[in-house]
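Here's the structure, in structure tokens; my notes come after.
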Amino acid sequence: MIDNFTISNKEIEKINFINQDDKEFRIKNLEFFNQNGFPSKRDEDWKFSDFREILSKNFKNISINNTYPDEKNFRLINDFDHNFILLINGRFIRSDFKFEEKKKIKIKEIESDKISRDKSENPLVCLNNALFNNGFILEIEKNYKLEKVLIIYNLFSDDLSDHILNNRNRVILNENSQLHTIEYTINKSKNKFINNSYENVLLKENSILKNISIQASKSDGYFYKFSNNKLKSDSQYVNFILSSGLKFNKQDIKVDLEGKNSECNIKSALFLDNGDHQEIKTRVNHLVPDCKSFQKIKSVLESNSKGIYQGKIYVKDIAQKTNAYQLSKALLINDNAEFNSKPELEIYADDVKCSHGSTSGNVDENSVHYLMTRGLTKQEALLLLINGFLNEITSEIKSDTIKKFVEKKLEFQINGY
Amino acid sequence: MLVIKNLKASINNRDILNGLNLKINPGEVHAIMGPNGSGKSTLANVLSGKNGYKISGELKYQGENLNDIPVEKRAQKGIFLAFQYPLEIPGVNTNNFLKTSLNTIKKAKGEKEIDTIAFLKLVKEKAKELGIDEKILSRQLNVGFSGGEKKKNEILQMKILDPSLIILDETDSGLDIDALKIIADGVNSSRSKDKSFLVITHYQRLLDYIKPDHVHVLSEGKIVKSGSSELALELEKKGYKKIN
């Protein structure tokens, strides 16, 4: 079923905001998906995550989601003041920017997305191009820095059994603006479902975007997210990926450093539990001189889990004085865990600082012993070491209240095993 | 306090301790000296309960057989090992770790756990005694600490956890004379009639500052000579070979 899975053009007809031009683009993309199907390990980008096989093992049927129940029981986090956007099954429901100057922020439901009509050979991006019917466009006016953090509540309802959701969000930060976001995913679904999302980010001159993505709890979700980021000069992009707890999660992040002195920071602390499969793939393109990029990925792997980091840094010939660094560290708690790392540097400029490192290993027995000689049980010592290993990432979060909130969530995930 | 009879220990089929006998009474300070490879650190590891050794013989602490007691239980019962090379534990805050450790031990003893305010007061007081900059205690455990700071941190842990049997494994190695004095003061001020110390060292130097009641010479996994603190001076003059 999954091997020769195709989707009818009728699904495109159901989307209400499309015009003729848009429709043709969508049909072309759907044709590409129908010809290629879900990506498999034959595709270099998917060699460690055979999505087709994973879906075949776990799904008998897949249907396009069209349910958007109203979440009456939805509650905001009360740990700190924040603005919010509420999404249910990817659909933009409402937003509240009560801490901000209203006219500085534009938010609306996504419509046809001419700007991101990139031709893609990625079947999931094509599927999203063809079928996305939900999401939001958020634009911050120039010179405006938001007072409070924005939480994007990404809620999935409990009736998504065997559904696939295609949604798309777009964020534009105009010159000299600043936004901090937390993408907070809440899964109510007790059944398996697939979320195929696409995110488009444009950071104009001297703007700053900082994001943290985290899960509220474990779930049977199979997530793929393609994130397409363009950075103009002196802008800064910081992304903390702390989204442990999904059955399958692949975050595919592309960053184009298009303006001088722009900077990209991707940090991740992941705890993979029994049977989880998580991949982070980054591609950072240094297209102009004087830009910086750093990626630091830390993963803890429990039994039968699989973690992957594929990171590529591309430096164009004119991108002199590039400073790029990439590091992946994995801690394997169990012999049945697997971690794959594929660092790649492709450099055409001659005056650059570019490096990468990758380590994976078991817990250091001597460290466990040291902690136990201070009265801690083996389990307590192990938890302390795991937390410590991941805290190196979370300790870089500047706001104390947010850091506390995030570490509490992460600890909750870790203690669950 | 501690009775060791005919203790043998091997690791990977290599015999390291070959029938060691030692008795330490409450309030006593014993020094064990010996050349490299004589089994000094193995003795410290075996007493702490480290895995990986094949052990025979009798090991009694406060009248209780230690052989089947795991590492953390020994610590909870009051055995403390100050490491020769304290480990760096990234991401673990020193103060948080110390508080967790102290409360685990207190709980095991059936005592009330200490709250954060009382704990910070206690740490502040003990750190001051040892000349430890409080700032390092809010850093990650031993990460980026200098050699001296690491050793002082071990003695700070000893002061806070308040154990009964303290094993100092080459605590003097890598220390300058000022740090050595501070550490010796830390140990001396902890001496009491119900605490015992086992000081393992290469050099007599430390024993100028921590006066032992008994000195033992360890060679090839056995105690080959015991005496008063004078023995340490003799060793310093003649070297280990002559003693054998």
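Quick note on naming: the chains in the structure tokens go A, B, ... in the order shown, residues restart at 1 in each chain, and ligands are numbered from 1 in order of appearance.
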**Item:** B:Gly49 environment, 12 Å, only C-alpha atoms, sequence neighbours closer than 2 positions dropped, as a ChimeraX atom specification
**Value:** /A:369-370,372-375 /B:9,42-47,51-55,59,66-75,79-81
Save the residues we just selected, N, CA, C and O atoms, as a compact mmCIF listing (two decimals), in the first residue's frame?
# COMPACT_ATOMS: atom_id res chain seq x y z
N HIS A 369 31.14 5.84 38.52
CA HIS A 369 31.72 5.40 39.79
C HIS A 369 31.98 6.59 40.72
O HIS A 369 31.66 6.54 41.91
N TYR A 370 32.53 7.65 40.14
CA TYR A 370 32.83 8.85 40.94
C TYR A 370 31.56 9.36 41.63
O TYR A 370 31.56 9.63 42.83
N MET A 372 28.86 7.68 42.24
CA MET A 372 28.35 6.69 43.20
C MET A 372 29.13 6.71 44.51
O MET A 372 28.57 6.42 45.57
N THR A 373 30.42 7.08 44.45
CA THR A 373 31.18 7.17 45.71
C THR A 373 30.70 8.34 46.55
O THR A 373 31.17 8.54 47.67
N ARG A 374 29.79 9.14 45.99
CA ARG A 374 29.21 10.23 46.77
C ARG A 374 27.78 9.89 47.19
O ARG A 374 26.98 10.77 47.50
N GLY A 375 27.45 8.60 47.10
CA GLY A 375 26.17 8.14 47.65
C GLY A 375 25.04 7.97 46.65
O GLY A 375 23.97 7.49 47.00
N ALA B 9 43.30 -8.93 45.50
CA ALA B 9 42.49 -8.34 44.43
C ALA B 9 43.21 -8.50 43.11
O ALA B 9 44.43 -8.31 43.03
N THR B 42 44.78 0.74 43.82
CA THR B 42 43.85 -0.40 43.81
C THR B 42 43.21 -0.56 45.18
O THR B 42 42.00 -0.80 45.28
N LEU B 43 44.00 -0.40 46.22
CA LEU B 43 43.46 -0.51 47.58
C LEU B 43 42.35 0.53 47.77
O LEU B 43 41.27 0.22 48.29
N ALA B 44 42.60 1.76 47.32
CA ALA B 44 41.60 2.83 47.44
C ALA B 44 40.34 2.45 46.65
O ALA B 44 39.22 2.56 47.16
N ASN B 45 40.53 1.96 45.41
CA ASN B 45 39.39 1.57 44.58
C ASN B 45 38.58 0.45 45.21
O ASN B 45 37.35 0.47 45.21
N VAL B 46 39.29 -0.57 45.71
CA VAL B 46 38.62 -1.73 46.29
C VAL B 46 37.80 -1.29 47.52
O VAL B 46 36.66 -1.72 47.71
N LEU B 47 38.38 -0.42 48.34
CA LEU B 47 37.65 0.06 49.52
C LEU B 47 36.40 0.85 49.12
O LEU B 47 35.38 0.78 49.79
N ASN B 51 33.78 -1.53 40.62
CA ASN B 51 33.56 -2.77 39.88
C ASN B 51 34.81 -3.20 39.12
O ASN B 51 35.66 -2.38 38.83
N GLY B 52 34.85 -4.46 38.77
CA GLY B 52 35.89 -4.94 37.87
C GLY B 52 36.99 -5.71 38.56
O GLY B 52 37.81 -6.34 37.91
N TYR B 53 37.04 -5.68 39.89
CA TYR B 53 38.10 -6.42 40.60
C TYR B 53 37.55 -7.75 41.10
O TYR B 53 36.39 -7.84 41.52
N LYS B 54 38.42 -8.76 41.05
CA LYS B 54 38.09 -10.03 41.68
C LYS B 54 38.72 -10.00 43.06
O LYS B 54 39.93 -9.76 43.19
N ILE B 55 37.89 -10.20 44.07
CA ILE B 55 38.36 -9.95 45.43
C ILE B 55 38.16 -11.17 46.32
O ILE B 55 37.15 -11.86 46.25
N LEU B 59 37.00 -7.95 54.57
CA LEU B 59 36.97 -6.49 54.52
C LEU B 59 35.84 -6.07 55.44
O LEU B 59 34.67 -6.21 55.11
N LEU B 66 32.06 -5.82 54.18
CA LEU B 66 31.87 -4.88 53.07
C LEU B 66 31.72 -5.54 51.70
O LEU B 66 31.20 -4.94 50.77
N ASN B 67 32.21 -6.80 51.61
CA ASN B 67 32.36 -7.43 50.29
C ASN B 67 31.16 -7.30 49.36
O ASN B 67 31.32 -7.05 48.17
N ASP B 68 29.95 -7.49 49.91
CA ASP B 68 28.78 -7.47 49.03
C ASP B 68 28.04 -6.14 49.05
O ASP B 68 26.92 -6.04 48.54
N ILE B 69 28.66 -5.13 49.63
CA ILE B 69 27.95 -3.84 49.71
C ILE B 69 28.36 -2.95 48.54
O ILE B 69 29.54 -2.72 48.31
N PRO B 70 27.37 -2.50 47.75
CA PRO B 70 27.71 -1.71 46.55
C PRO B 70 28.25 -0.31 46.89
O PRO B 70 28.12 0.17 48.02
N VAL B 71 28.86 0.29 45.88
CA VAL B 71 29.55 1.57 46.02
C VAL B 71 28.75 2.61 46.80
O VAL B 71 29.21 3.19 47.78
N GLU B 72 27.49 2.85 46.32
CA GLU B 72 26.73 3.97 46.90
C GLU B 72 26.37 3.70 48.36
O GLU B 72 26.32 4.61 49.18
N LYS B 73 26.15 2.40 48.69
CA LYS B 73 25.80 2.04 50.07
C LYS B 73 27.00 2.30 50.99
O LYS B 73 26.85 2.73 52.12
N ARG B 74 28.20 2.02 50.48
CA ARG B 74 29.41 2.27 51.28
C ARG B 74 29.52 3.76 51.58
O ARG B 74 29.83 4.16 52.70
N ALA B 75 29.26 4.57 50.53
CA ALA B 75 29.32 6.02 50.72
C ALA B 75 28.28 6.46 51.74
O ALA B 75 28.56 7.28 52.61
N ILE B 79 31.90 5.89 54.13
CA ILE B 79 33.24 5.74 53.55
C ILE B 79 33.39 6.79 52.46
O ILE B 79 32.52 6.94 51.59
N PHE B 80 34.48 7.52 52.51
CA PHE B 80 34.69 8.59 51.52
C PHE B 80 36.06 8.43 50.88
O PHE B 80 37.06 8.26 51.56
N LEU B 81 36.07 8.48 49.55
CA LEU B 81 37.34 8.42 48.83
C LEU B 81 37.59 9.75 48.13
O LEU B 81 36.78 10.19 47.31
- Please return, as a PyMOL selection string, all residues of chain B lying within 9 Å of chain A when only C-alpha atoms are considered. chain B and resi 48-51+71-77+79-81+83+86-93+97-98+100-102+104-105+108+140+157+161
Could you write those residues out with N, CA and C atoms, as an mmCIF file, in the first residue's frame?
data_model
loop_
_atom_site.group_PDB
_atom_site.id
_atom_site.type_symbol
_atom_site.label_atom_id
_atom_site.label_comp_id
_atom_site.auth_asym_id
_atom_site.auth_seq_id
_atom_site.Cartn_x
_atom_site.Cartn_y
_atom_site.Cartn_z
ATOM 1 N N SER B 48 36.489 1.576 47.996
ATOM 2 C CA SER B 48 35.326 2.369 47.566
ATOM 3 C C SER B 48 34.259 1.481 46.932
ATOM 4 N N GLY B 49 34.670 0.251 46.530
ATOM 5 C CA GLY B 49 33.687 -0.683 45.967
ATOM 6 C C GLY B 49 33.656 -0.694 44.458
ATOM 7 N N LYS B 50 34.699 -0.188 43.823
ATOM 8 C CA LYS B 50 34.714 -0.106 42.359
ATOM 9 C C LYS B 50 34.584 -1.483 41.706
ATOM 10 N N ASN B 51 33.784 -1.529 40.622
ATOM 11 C CA ASN B 51 33.564 -2.774 39.883
ATOM 12 C C ASN B 51 34.809 -3.200 39.122
ATOM 13 N N VAL B 71 28.857 0.289 45.880
ATOM 14 C CA VAL B 71 29.553 1.568 46.020
ATOM 15 C C VAL B 71 28.751 2.609 46.798
ATOM 16 N N GLU B 72 27.493 2.850 46.323
ATOM 17 C CA GLU B 72 26.730 3.970 46.905
ATOM 18 C C GLU B 72 26.372 3.700 48.360
ATOM 19 N N LYS B 73 26.148 2.401 48.690
ATOM 20 C CA LYS B 73 25.800 2.045 50.073
ATOM 21 C C LYS B 73 26.999 2.298 50.985
ATOM 22 N N ARG B 74 28.202 2.019 50.480
ATOM 23 C CA ARG B 74 29.409 2.272 51.278
ATOM 24 C C ARG B 74 29.517 3.761 51.582
ATOM 25 N N ALA B 75 29.257 4.572 50.525
ATOM 26 C CA ALA B 75 29.324 6.022 50.718
ATOM 27 C C ALA B 75 28.279 6.462 51.735
ATOM 28 N N GLN B 76 27.092 5.871 51.622
ATOM 29 C CA GLN B 76 26.014 6.249 52.547
ATOM 30 C C GLN B 76 26.339 5.848 53.979
ATOM 31 N N LYS B 77 27.148 4.787 54.122
ATOM 32 C CA LYS B 77 27.536 4.330 55.462
ATOM 33 C C LYS B 77 28.726 5.109 56.010
ATOM 34 N N ILE B 79 31.899 5.890 54.128
ATOM 35 C CA ILE B 79 33.238 5.735 53.549
ATOM 36 C C ILE B 79 33.392 6.793 52.458
ATOM 37 N N PHE B 80 34.477 7.524 52.505
ATOM 38 C CA PHE B 80 34.688 8.586 51.522
ATOM 39 C C PHE B 80 36.056 8.430 50.877
ATOM 40 N N LEU B 81 36.070 8.475 49.553
ATOM 41 C CA LEU B 81 37.338 8.416 48.825
ATOM 42 C C LEU B 81 37.586 9.749 48.131
ATOM 43 N N PHE B 83 39.538 11.382 45.397
ATOM 44 C CA PHE B 83 40.173 10.804 44.207
ATOM 45 C C PHE B 83 41.525 11.438 43.895
ATOM 46 N N PRO B 86 40.187 13.605 40.336
ATOM 47 C CA PRO B 86 38.739 13.841 40.373
ATOM 48 C C PRO B 86 38.202 14.034 38.957
ATOM 49 N N LEU B 87 37.043 13.420 38.677
ATOM 50 C CA LEU B 87 36.546 13.443 37.308
ATOM 51 C C LEU B 87 35.794 14.727 36.982
ATOM 52 N N GLU B 88 35.922 15.142 35.739
ATOM 53 C CA GLU B 88 35.171 16.305 35.270
ATOM 54 C C GLU B 88 33.805 15.833 34.797
ATOM 55 N N ILE B 89 32.748 16.432 35.330
ATOM 56 C CA ILE B 89 31.396 16.024 34.944
ATOM 57 C C ILE B 89 30.703 17.213 34.269
ATOM 58 N N PRO B 90 30.746 17.259 32.950
ATOM 59 C CA PRO B 90 30.176 18.405 32.237
ATOM 60 C C PRO B 90 28.667 18.519 32.456
ATOM 61 N N GLY B 91 28.201 19.754 32.563
ATOM 62 C CA GLY B 91 26.761 20.013 32.644
ATOM 63 C C GLY B 91 26.160 19.824 34.026
ATOM 64 N N VAL B 92 26.952 19.294 34.974
ATOM 65 C CA VAL B 92 26.421 19.075 36.318
ATOM 66 C C VAL B 92 26.950 20.175 37.242
ATOM 67 N N ASN B 93 26.037 20.969 37.745
ATOM 68 C CA ASN B 93 26.406 22.078 38.613
ATOM 69 C C ASN B 93 26.960 21.557 39.947
ATOM 70 N N PHE B 97 24.990 19.171 42.663
ATOM 71 C CA PHE B 97 25.486 17.813 42.875
ATOM 72 C C PHE B 97 25.759 17.573 44.357
ATOM 73 N N LEU B 98 26.439 18.539 44.984
ATOM 74 C CA LEU B 98 26.788 18.393 46.395
ATOM 75 C C LEU B 98 25.549 18.264 47.269
ATOM 76 N N THR B 100 22.529 17.195 46.269
ATOM 77 C CA THR B 100 21.913 15.884 45.994
ATOM 78 C C THR B 100 22.625 14.798 46.784
ATOM 79 N N SER B 101 23.963 14.860 46.724
ATOM 80 C CA SER B 101 24.779 13.855 47.391
ATOM 81 C C SER B 101 24.553 13.882 48.909
ATOM 82 N N LEU B 102 24.597 15.082 49.470
ATOM 83 C CA LEU B 102 24.416 15.215 50.926
ATOM 84 C C LEU B 102 23.043 14.697 51.349
ATOM 85 N N THR B 104 21.120 12.535 49.791
ATOM 86 C CA THR B 104 21.036 11.076 49.629
ATOM 87 C C THR B 104 21.626 10.399 50.867
ATOM 88 N N ILE B 105 22.756 10.919 51.315
ATOM 89 C CA ILE B 105 23.426 10.325 52.472
ATOM 90 C C ILE B 105 22.611 10.563 53.750
ATOM 91 N N ALA B 108 19.703 8.204 53.784
ATOM 92 C CA ALA B 108 20.118 6.843 54.118
ATOM 93 C C ALA B 108 20.361 6.695 55.622
ATOM 94 N N GLN B 140 30.339 23.991 36.478
ATOM 95 C CA GLN B 140 30.155 22.549 36.291
ATOM 96 C C GLN B 140 31.212 21.795 37.094
ATOM 97 N N GLN B 157 34.046 18.373 49.642
ATOM 98 C CA GLN B 157 33.020 17.317 49.662
ATOM 99 C C GLN B 157 33.126 16.498 50.943
ATOM 100 N N LEU B 161 30.051 16.150 53.469
ATOM 101 C CA LEU B 161 29.385 14.847 53.619
ATOM 102 C C LEU B 161 29.650 14.227 54.988
#
- Task: Could you give me, as a VMD selection string, the residues within 6 Å of A:Tyr144, counting only C-alpha atoms and dropping anything in the same chain fewer than 2 positions from it?
- Result: chain A and resid 141 to 142 177
* Which residues come within 8 Å of B:Glu113, counting only C-alpha atoms, excluding same-chain residues fewer than 6 positions away, as a PyMOL selection string? -> chain B and resi 103+106-107
Write out the residues from the selection above, keeping N, CA, C and O atoms, as a JSON list (two decimals), in the first residue's frame.
[["chain", "number", "residue", "atom", "x", "y", "z"],
["B", 103, "ASN", "N", 22.01, 15.05, 50.58],
["B", 103, "ASN", "CA", 20.67, 14.62, 50.96],
["B", 103, "ASN", "C", 20.46, 13.12, 50.80],
["B", 103, "ASN", "O", 19.74, 12.50, 51.57],
["B", 106, "LYS", "N", 22.07, 11.76, 53.87],
["B", 106, "LYS", "CA", 21.24, 12.07, 55.04],
["B", 106, "LYS", "C", 20.02, 11.15, 55.10],
["B", 106, "LYS", "O", 19.65, 10.65, 56.15],
["B", 107, "LYS", "N", 19.41, 10.96, 53.92],
["B", 107, "LYS", "CA", 18.22, 10.12, 53.85],
["B", 107, "LYS", "C", 18.55, 8.69, 54.28],
["B", 107, "LYS", "O", 17.82, 8.08, 55.04]]
Just the strand (DSSP E) stuff from stretch 74-217 of chain B, please, per backbone DSSP, written as a PyMOL selection string. chain B and resi 79-82+165-169+196-201+214-217
So what do you get for atom CA of A:Glu258 versus atom CA of A:Leu231, distance-wise?
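Going from atom CA of A:Glu258 over to atom CA of A:Leu231, I get 5.6 Å.
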task = Write out as a ChimeraX atom specification each polymer residue whose atoms come within 6 Å of stretch 321-325 of chain A, counting only C-alpha atoms; drop sequence neighbours fewer than 3 positions from it.
result = /A:289-294,351-356
Residues from last step as file, N, CA, C and O atoms, as an mmCIF file, in the first residue's frame:
data_model
loop_
_atom_site.group_PDB
_atom_site.id
_atom_site.type_symbol
_atom_site.label_atom_id
_atom_site.label_comp_id
_atom_site.auth_asym_id
_atom_site.auth_seq_id
_atom_site.Cartn_x
_atom_site.Cartn_y
_atom_site.Cartn_z
ATOM 1 N N PRO A 289 30.753 37.057 1.922
ATOM 2 C CA PRO A 289 31.822 37.058 2.934
ATOM 3 C C PRO A 289 31.328 37.419 4.336
ATOM 4 O O PRO A 289 30.232 37.951 4.504
ATOM 5 N N ASP A 290 32.190 37.123 5.326
ATOM 6 C CA ASP A 290 32.043 37.591 6.711
ATOM 7 C C ASP A 290 30.837 37.039 7.471
ATOM 8 O O ASP A 290 30.297 37.717 8.338
ATOM 9 N N CYS A 291 30.404 35.847 7.159
ATOM 10 C CA CYS A 291 29.274 35.275 7.913
ATOM 11 C C CYS A 291 29.767 34.174 8.857
ATOM 12 O O CYS A 291 30.834 33.612 8.672
ATOM 13 N N LYS A 292 28.931 33.911 9.851
ATOM 14 C CA LYS A 292 29.277 32.872 10.823
ATOM 15 C C LYS A 292 28.171 31.833 10.878
ATOM 16 O O LYS A 292 26.988 32.190 10.805
ATOM 17 N N SER A 293 28.539 30.581 11.087
ATOM 18 C CA SER A 293 27.517 29.570 11.353
ATOM 19 C C SER A 293 28.052 28.521 12.307
ATOM 20 O O SER A 293 29.204 28.096 12.200
ATOM 21 N N PHE A 294 27.216 28.128 13.270
ATOM 22 C CA PHE A 294 27.604 27.121 14.258
ATOM 23 C C PHE A 294 26.464 26.121 14.430
ATOM 24 O O PHE A 294 25.311 26.512 14.532
ATOM 25 N N ASP A 351 40.096 31.777 2.195
ATOM 26 C CA ASP A 351 40.402 32.421 3.460
ATOM 27 C C ASP A 351 39.237 32.217 4.436
ATOM 28 O O ASP A 351 38.473 33.138 4.727
ATOM 29 N N VAL A 352 39.087 30.981 4.921
ATOM 30 C CA VAL A 352 37.945 30.657 5.771
ATOM 31 C C VAL A 352 38.396 29.853 6.993
ATOM 32 O O VAL A 352 39.456 29.219 6.980
ATOM 33 N N LYS A 353 37.577 29.914 8.035
ATOM 34 C CA LYS A 353 37.801 29.069 9.211
ATOM 35 C C LYS A 353 36.619 28.109 9.254
ATOM 36 O O LYS A 353 35.483 28.530 9.450
ATOM 37 N N CYS A 354 36.881 26.844 9.005
ATOM 38 C CA CYS A 354 35.790 25.887 8.862
ATOM 39 C C CYS A 354 36.193 24.580 9.518
ATOM 40 O O CYS A 354 37.255 24.054 9.193
ATOM 41 N N SER A 355 35.404 24.059 10.431
ATOM 42 C CA SER A 355 35.786 22.778 11.016
ATOM 43 C C SER A 355 34.559 21.990 11.442
ATOM 44 O O SER A 355 33.465 22.536 11.560
ATOM 45 N N HIS A 356 34.787 20.708 11.663
ATOM 46 C CA HIS A 356 33.694 19.898 12.188
ATOM 47 C C HIS A 356 34.249 18.803 13.075
ATOM 48 O O HIS A 356 35.416 18.435 12.985
#
message: I'd like the neighbourhood of stretch 208-214 of chain B as JSON, numbers by chain, where a residue qualifies if any of its atoms comes within 8 Å (using only C-alpha atoms), though same-chain residues fewer than 6 positions away should be ignored.
response: {"B": [28, 29, 30, 31, 181, 184, 185, 187, 188, 226, 227, 228, 229]}
Let's see if you can do this: from backbone DSSP, list all alpha helix (DSSP H) residues in stretch 103-241 of chain A, as a PyMOL selection string. chain A and resi 123-131
Of B:Gln204, B:Ser138, B:Ser146, B:Ser190, the one nearest to B:Lys238 when counting only C-alpha atoms is B:Gln204
